[in-house]
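**Student:** This is the structure I have questions about; it appears just below.
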Amino acid sequence: MKALIVVAAAALAFPVYAQQKSDTKTDTTLPNAQERAQNRDKVATEADKAKDALPSAEERAKNRETVSSGAAGAALTTKVKTALASDAGLKTMTNIDVDSKDGVVTLKGKVDSAELKKKAGDVAKKVSGVKSVKNELKVEKKS
């Protein structure tokens, strides 16, 4: 990746070589030693700037953790939703929202009875990967 950035920085600086003087004639002479040295310095400066823009190893590790924890949370949410949907008493409960982060599952929504609220919490606790359950379901009897 660093090599690609160095090559890109060099490509930006090299058009200086290709510039031609706009007199009546086209100048086909090569740059002299001083011009080549200036161009090398420009390329080195651009390469250093490009290196500084790259994330450090620590930053890359944090990014990987963030992405993997988000994916793990989504997978855990799916497992809990599947467990709730496959439970006979909760199969028809479509208004239970499930969120998870770091193994903590939060259940939100409305259920018809305290028994269904407890059952939903128990089902969620049994799913592998669940550390704890925040059961924020509200009991509202249908009229």
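In the structure tokens, each chain is lettered A, B, ... as it comes, each chain's residues begin at 1, and ligands are numbered from 1 in order of appearance.
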When DSSP is applied to the backbone of this structure, which of range 33-132 of chain A are assigned strand (DSSP E)? Write them out as a VMD selection string.

**Tutor:** chain A and resid 96 to 101 104 to 111 132

**Student:** Go ahead and dump the residues you just picked, C-alpha atoms, as a compact mmCIF listing (two decimals), in the first residue's frame.

**Tutor:**
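Output (again.txt):
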```txt
# COMPACT_ATOMS: atom_id res chain seq x y z
CA ILE A 96 -40.54 -7.46 19.68
CA ASP A 97 -37.47 -5.47 18.67
CA VAL A 98 -34.08 -7.00 19.45
CA ASP A 99 -30.82 -5.06 19.71
CA SER A 100 -27.47 -6.31 20.92
CA LYS A 101 -24.09 -4.87 21.73
CA VAL A 104 -25.98 -7.52 25.97
CA VAL A 105 -29.37 -8.07 24.33
CA THR A 106 -32.15 -5.49 24.67
CA LEU A 107 -35.76 -6.49 24.06
CA LYS A 108 -38.23 -3.70 23.32
CA GLY A 109 -41.82 -3.63 22.21
CA LYS A 110 -45.21 -4.71 23.48
CA VAL A 111 -46.49 -8.07 24.62
CA SER A 132 -27.22 -10.50 29.75
```

**Student:** What does the distance from CA of Leu137 in chain A to CA of Glu115 in chain A come to in Å, to one decimal?

**Tutor:**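 We find that CA of Leu137 in chain A and CA of Glu115 in chain A lie 11.3 Å from each other.
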
**Student:** Between CA of Ser128 in chain A and CA of Arg60 in chain A, what distance in Å does the model show, to one decimal?

**Tutor:**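 Taking CA of Ser128 in chain A and CA of Arg60 in chain A, their separation equals 28.8 Å.
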
**Student:** Take CA of Lys125 in chain A and CA of Asp87 in chain A and report the distance between them in Å, one decimal.

**Tutor:**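 Computed distance, CA of Lys125 in chain A to CA of Asp87 in chain A, equals 13.2 Å.
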
**Student:** I'd like to know which residues of range 42-100 of chain A are helix (DSSP H, G or I) (by DSSP, run on the backbone); could you write them as JSON, numbers by chain?

**Tutor:** {"A": [42, 43, 44, 45, 46, 47, 48, 49, 50, 51, 52, 53, 57, 58, 59, 60, 61, 62, 63, 64, 65, 66, 67, 68, 69, 70, 71, 72, 73, 74, 75, 76, 77, 78, 79, 80, 81, 82, 83, 84, 85, 86]}
